[in-house]
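Before any comments, here is the structure.
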Amino acid sequence: MPVDPQPAPSFVVTRIAFTASERPEAQEGRARLVKRYGETPVEDAEVIVALGGDGFMLECFHDHMALGLPIYGMNRGSVGFLMNDYSEVGLLERIAAAEKAVIHPLRMTATDAEGQSHVALAINEVSLLRQTRQAAKLRISIDGKLRLSELSCDGALVSTPAGSTAYNLSAHGPIIPLDARVLALTPISAFRPRRWRGALLAHTAKVTFEILEASKRPVSAVADNIEVRDVLDVHIAEDREVALNMLFDEGRSLEERVLAEQFSA
């Protein structure tokens, strides 16, 4: 999911929709901001301000994707990698000066054991995970060409650059600069081939996973927070037709955060 750097918005924001996670601090922050700046229904808003953590930010994008509105996150959760610092002061000015990242998600098409096809979008990653105590066995093809005939593992994932610092990083995958136009294919606890560490793919790559011995070794596929159980095959590709606009405080762009993460202890 390459991120296209964009100039700061030139419009003056007057219509804001506020949304918040269920955490008490997020709800309290929303109430104070609404009292200070007023509130516009999301269908009439120019921007959405989301209060919570990274998971809630992704949830907001999924919930409001059809509207195409930019989302400015404010951290009232834990990690807050995708969020701006919370402050009640100067919100309109911060949004007007914010740097914009245009994000293209991954599209997952998964077929389950009943033959049903499931389609979902992923902003961070699409992951395949074993459902039982037995290791999963996956066959991997890229752009229709077989690349790995059998991967015995706990699972595998395809990550966007924006998601490379999330689950991908915890699975020892690479951190990807946002303008690199590549995707990370990362195994999760690979058993065979033991030394395979994954691959970097062009952002145009079409990745196919086939589940081997699916009835004996069931696998689920997860696009961000959308799970499909007992899959037989999964196709993943970047969807350039979908553009998600994420706003960050001036000087604290998503590109800068990902770069800084590569030098953190």
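Please note that chains go A, B, ... in the order of the structure tokens, that every chain numbers its residues from 1, and that ligands are numbered from 1 in the order shown.
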
(request) May I have the residues within 9 Å of A:Gly251 as a PyMOL selection string, using only C-alpha atoms and disregarding those fewer than 2 positions away in the same chain? (result) chain A and resi 98-99+248-249+253+256

Please build the interface table for stretch 152-189 of chain A against stretch 193-203 of chain A with a cut-off of 6 Å, listing for each qualifying residue the nearest atom pair and the distance in Å to one decimal; count only C-alpha atoms, order rows by chain and increasing number, and write it as a Markdown table.
```
| residue | atom | partner | partner_atom | distance |
| --- | --- | --- | --- | --- |
| A:Arg181 | CA | A:His203 | CA | 5.2 |
| A:Val182 | CA | A:His203 | CA | 4.5 |
| A:Leu183 | CA | A:Leu201 | CA | 5.1 |
| A:Ala184 | CA | A:Leu200 | CA | 4.8 |
| A:Leu185 | CA | A:Ala199 | CA | 5.1 |
| A:Thr186 | CA | A:Gly198 | CA | 4.5 |
| A:Pro187 | CA | A:Gly198 | CA | 5.9 |
```

(request) Can you work out which one of A:Gln134, A:Thr111, A:Ser117, A:Ser170 has the shortest atom-to-atom distance to A:Cys153, counting only C-alpha atoms? (result)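 Ranked by minimum distance to A:Cys153, first place goes to A:Gln134.
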
(message) I'd like to know which residues of stretch 13-250 of chain A are strand (DSSP E) (by DSSP, run on the backbone); could you write them as a PyMOL selection string?
(response) chain A and resi 16-20+47-52+71-75+99-103+106-112+117-122+125-130+136-142+145-153+155-159+182-188+199-202+207-212+219-223+226-228+231-238+244-248

(request) Write out as a list of chain:residue names each polymer residue whose atoms come within 9 Å of A:Lys206, counting only C-alpha atoms; drop sequence neighbours fewer than 6 positions from it. (result) A:Ser141, A:Ile142, A:Asp143, A:Gly144, A:His235, A:Ile236, A:Ala237, A:Glu238

(request) Would you list the contacts of A:Val258 as a PyMOL selection string, taking every protein, DNA or RNA residue within 10 Å and counting only C-alpha atoms, but skipping same-chain residues closer than 4 positions in sequence? (result) chain A and resi 81+161-165+175-178+253-254+262-263

If you keep all heavy atoms, can you produce a file of those selected residues as a CSV table (one decimal), in the first residue's frame?
```
chain,number,residue,atom,x,y,z
A,81,PHE,N,0.5,5.0,17.0
A,81,PHE,CA,1.4,5.2,16.0
A,81,PHE,C,0.8,6.0,14.8
A,81,PHE,O,1.4,6.8,14.2
A,81,PHE,CB,2.0,3.9,15.4
A,81,PHE,CG,3.1,4.0,14.4
A,81,PHE,CD1,4.4,4.3,14.8
A,81,PHE,CD2,2.8,3.9,13.1
A,81,PHE,CE1,5.4,4.4,13.9
A,81,PHE,CE2,3.8,4.1,12.1
A,81,PHE,CZ,5.1,4.3,12.5
A,161,PRO,N,3.3,-0.8,3.4
A,161,PRO,CA,4.3,0.0,4.1
A,161,PRO,C,3.7,0.6,5.4
A,161,PRO,O,4.4,0.6,6.4
A,161,PRO,CB,4.6,1.1,3.0
A,161,PRO,CG,4.4,0.4,1.7
A,161,PRO,CD,3.2,-0.5,1.9
A,162,ALA,N,2.5,1.1,5.3
A,162,ALA,CA,2.0,1.7,6.5
A,162,ALA,C,1.8,0.7,7.6
A,162,ALA,O,1.9,1.0,8.8
A,162,ALA,CB,0.6,2.4,6.2
A,163,GLY,N,1.5,-0.5,7.3
A,163,GLY,CA,1.3,-1.6,8.3
A,163,GLY,C,2.6,-2.3,8.6
A,163,GLY,O,2.6,-3.2,9.5
A,164,SER,N,3.7,-2.0,8.0
A,164,SER,CA,5.0,-2.7,8.2
A,164,SER,C,5.5,-2.6,9.6
A,164,SER,O,6.3,-3.4,10.1
A,164,SER,CB,6.0,-2.3,7.2
A,164,SER,OG,6.5,-1.0,7.4
A,165,THR,N,5.1,-1.5,10.4
A,165,THR,CA,5.5,-1.4,11.7
A,165,THR,C,4.6,-2.0,12.7
A,165,THR,O,4.8,-1.9,13.9
A,165,THR,CB,5.7,0.1,12.1
A,165,THR,OG1,4.4,0.8,11.9
A,165,THR,CG2,6.7,0.8,11.2
A,175,ILE,N,10.7,-3.1,8.1
A,175,ILE,CA,10.1,-1.8,8.1
A,175,ILE,C,10.3,-1.2,6.7
A,175,ILE,O,11.4,-1.1,6.2
A,175,ILE,CB,10.6,-0.9,9.1
A,175,ILE,CG1,10.3,-1.4,10.5
A,175,ILE,CG2,10.0,0.5,9.0
A,175,ILE,CD1,10.9,-0.6,11.7
A,176,ILE,N,9.2,-0.8,6.0
A,176,ILE,CA,9.2,-0.3,4.7
A,176,ILE,C,9.0,1.2,4.6
A,176,ILE,O,8.0,1.7,5.1
A,176,ILE,CB,8.2,-1.0,3.8
A,176,ILE,CG1,8.3,-2.5,3.9
A,176,ILE,CG2,8.3,-0.6,2.4
A,176,ILE,CD1,7.2,-3.3,3.2
A,177,PRO,N,9.9,2.0,4.0
A,177,PRO,CA,9.6,3.4,3.7
A,177,PRO,C,8.3,3.5,2.9
A,177,PRO,O,8.1,2.7,2.0
A,177,PRO,CB,10.8,3.9,3.0
A,177,PRO,CG,11.9,2.9,3.3
A,177,PRO,CD,11.2,1.6,3.5
A,178,LEU,N,7.6,4.6,3.2
A,178,LEU,CA,6.2,4.7,2.6
A,178,LEU,C,6.3,5.0,1.1
A,178,LEU,O,5.3,4.7,0.4
A,178,LEU,CB,5.4,5.8,3.3
A,178,LEU,CG,5.1,5.5,4.8
A,178,LEU,CD1,4.3,6.6,5.4
A,178,LEU,CD2,4.4,4.2,4.9
A,253,SER,N,4.7,13.7,10.0
A,253,SER,CA,4.1,12.9,8.9
A,253,SER,C,4.2,11.4,9.2
A,253,SER,O,5.1,11.0,9.9
A,253,SER,CB,4.6,13.3,7.5
A,253,SER,OG,6.0,12.8,7.4
A,254,LEU,N,3.4,10.6,8.5
A,254,LEU,CA,3.5,9.2,8.6
A,254,LEU,C,4.9,8.7,8.1
A,254,LEU,O,5.5,7.8,8.6
A,254,LEU,CB,2.4,8.5,7.9
A,254,LEU,CG,2.2,7.0,8.1
A,254,LEU,CD1,2.1,6.6,9.5
A,254,LEU,CD2,1.0,6.5,7.3
A,262,GLN,N,12.8,3.0,12.4
A,262,GLN,CA,13.9,2.2,12.0
A,262,GLN,C,15.1,2.4,12.8
A,262,GLN,O,16.1,1.6,12.8
A,262,GLN,CB,14.2,2.4,10.5
A,262,GLN,CG,13.1,2.0,9.6
A,262,GLN,CD,13.4,2.2,8.1
A,262,GLN,OE1,14.2,1.4,7.5
A,262,GLN,NE2,12.9,3.2,7.5
A,263,PHE,N,15.1,3.5,13.5
A,263,PHE,CA,16.3,3.9,14.4
A,263,PHE,C,16.0,3.8,15.8
A,263,PHE,O,16.8,4.3,16.7
A,263,PHE,CB,16.8,5.3,14.0
A,263,PHE,CG,17.3,5.4,12.6
A,263,PHE,CD1,16.5,5.7,11.5
A,263,PHE,CD2,18.7,5.1,12.3
A,263,PHE,CE1,17.0,5.8,10.2
A,263,PHE,CE2,19.2,5.2,11.0
A,263,PHE,CZ,18.3,5.5,10.0
```

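Distance annotation: of A:Leu33, A:Leu51, A:Leu244, A:Val219, the residue with the minimal separation from A:Ala156 is A:Val219; atom set is only C-alpha atoms.
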
(request) Give me the residues within 8 Å of A:Glu46 as an MDAnalysis selection string, counting only C-alpha atoms and dropping any in the same chain fewer than 4 places off. (result) chainID A and resid 13:17 69:70

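On the backbone of this structure, DSSP gives helix (DSSP H, G or I) within stretch 42-87 of chain A to Val42, Glu43, Asp44, Asp54, Gly55, Phe56, Met57, Leu58, Glu59, Cys60, Phe61, His62, Asp63, His64, Met65, Ala66 and Leu67 of chain A.
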
Output for the residues just chosen: N, CA and C atoms as a PDB file, in the first residue's frame:
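Saved to out-v1.pdb:
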```pdb
ATOM      1  N   VAL A  42     -21.567  13.142  10.232  1.00  0.00           N
ATOM      2  CA  VAL A  42     -20.457  12.685   9.399  1.00  0.00           C
ATOM      3  C   VAL A  42     -20.756  12.845   7.914  1.00  0.00           C
ATOM      4  N   GLU A  43     -22.018  12.691   7.513  1.00  0.00           N
ATOM      5  CA  GLU A  43     -22.347  12.799   6.095  1.00  0.00           C
ATOM      6  C   GLU A  43     -22.241  14.233   5.571  1.00  0.00           C
ATOM      7  N   ASP A  44     -22.191  15.233   6.486  1.00  0.00           N
ATOM      8  CA  ASP A  44     -22.068  16.639   6.081  1.00  0.00           C
ATOM      9  C   ASP A  44     -20.701  17.221   6.426  1.00  0.00           C
ATOM     10  N   ASP A  54      -4.702   3.056  17.537  1.00  0.00           N
ATOM     11  CA  ASP A  54      -4.510   2.687  16.131  1.00  0.00           C
ATOM     12  C   ASP A  54      -5.624   1.786  15.619  1.00  0.00           C
ATOM     13  N   GLY A  55      -6.058   0.847  16.438  1.00  0.00           N
ATOM     14  CA  GLY A  55      -7.124  -0.047  16.022  1.00  0.00           C
ATOM     15  C   GLY A  55      -8.404   0.705  15.706  1.00  0.00           C
ATOM     16  N   PHE A  56      -8.711   1.708  16.513  1.00  0.00           N
ATOM     17  CA  PHE A  56      -9.918   2.492  16.265  1.00  0.00           C
ATOM     18  C   PHE A  56      -9.768   3.339  15.005  1.00  0.00           C
ATOM     19  N   MET A  57      -8.558   3.816  14.738  1.00  0.00           N
ATOM     20  CA  MET A  57      -8.323   4.573  13.507  1.00  0.00           C
ATOM     21  C   MET A  57      -8.633   3.705  12.286  1.00  0.00           C
ATOM     22  N   LEU A  58      -8.160   2.467  12.288  1.00  0.00           N
ATOM     23  CA  LEU A  58      -8.452   1.552  11.183  1.00  0.00           C
ATOM     24  C   LEU A  58      -9.948   1.270  11.086  1.00  0.00           C
ATOM     25  N   GLU A  59     -10.588   1.119  12.232  1.00  0.00           N
ATOM     26  CA  GLU A  59     -12.031   0.873  12.253  1.00  0.00           C
ATOM     27  C   GLU A  59     -12.792   2.039  11.619  1.00  0.00           C
ATOM     28  N   CYS A  60     -12.345   3.260  11.905  1.00  0.00           N
ATOM     29  CA  CYS A  60     -12.992   4.441  11.323  1.00  0.00           C
ATOM     30  C   CYS A  60     -12.868   4.451   9.804  1.00  0.00           C
ATOM     31  N   PHE A  61     -11.704   4.111   9.299  1.00  0.00           N
ATOM     32  CA  PHE A  61     -11.522   4.075   7.852  1.00  0.00           C
ATOM     33  C   PHE A  61     -12.455   3.038   7.222  1.00  0.00           C
ATOM     34  N   HIS A  62     -12.564   1.878   7.844  1.00  0.00           N
ATOM     35  CA  HIS A  62     -13.445   0.851   7.297  1.00  0.00           C
ATOM     36  C   HIS A  62     -14.910   1.290   7.349  1.00  0.00           C
ATOM     37  N   ASP A  63     -15.304   1.953   8.442  1.00  0.00           N
ATOM     38  CA  ASP A  63     -16.697   2.355   8.607  1.00  0.00           C
ATOM     39  C   ASP A  63     -17.103   3.466   7.643  1.00  0.00           C
ATOM     40  N   HIS A  64     -16.170   4.376   7.334  1.00  0.00           N
ATOM     41  CA  HIS A  64     -16.508   5.570   6.565  1.00  0.00           C
ATOM     42  C   HIS A  64     -15.798   5.629   5.216  1.00  0.00           C
ATOM     43  N   MET A  65     -15.323   4.499   4.739  1.00  0.00           N
ATOM     44  CA  MET A  65     -14.545   4.457   3.507  1.00  0.00           C
ATOM     45  C   MET A  65     -15.308   5.030   2.314  1.00  0.00           C
ATOM     46  N   ALA A  66     -16.602   4.775   2.250  1.00  0.00           N
ATOM     47  CA  ALA A  66     -17.387   5.217   1.098  1.00  0.00           C
ATOM     48  C   ALA A  66     -17.488   6.730   1.002  1.00  0.00           C
ATOM     49  N   LEU A  67     -17.325   7.444   2.114  1.00  0.00           N
ATOM     50  CA  LEU A  67     -17.453   8.894   2.107  1.00  0.00           C
ATOM     51  C   LEU A  67     -16.212   9.594   1.556  1.00  0.00           C
TER      52      LEU A  67
END
```

(request) Write out as an MDAnalysis selection string which residues come within 6 Å of stretch 82-89 of chain A when counting only C-alpha atoms, dropping same-chain ones fewer than 4 positions away. (result) chainID A and resid 54 73:75

(request) Kindly indicate which residue among A:Ala166, A:Ile211, A:Ala171, A:Ala45 lies nearest to A:Gly80, using only C-alpha atoms for the distances. (result)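 Nearest candidate to A:Gly80 out of A:Ala166, A:Ile211, A:Ala171, A:Ala45: A:Ala166.
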
(request) Might you pull out every residue within 9 Å of A:Val228, with only C-alpha atoms counted and same-chain residues fewer than 6 positions away left off, and present them as JSON, numbers by chain? (result) {"A": [110, 111, 112, 118, 219, 220, 221, 222]}

(message) For a quick check of understanding, using only C-alpha atoms, which of A:Glu261, A:Asp233, A:Glu227, A:Glu255 has the smallest distance to A:Ala122?
(response)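 Under the stated criterion, the closest residue is A:Glu227.
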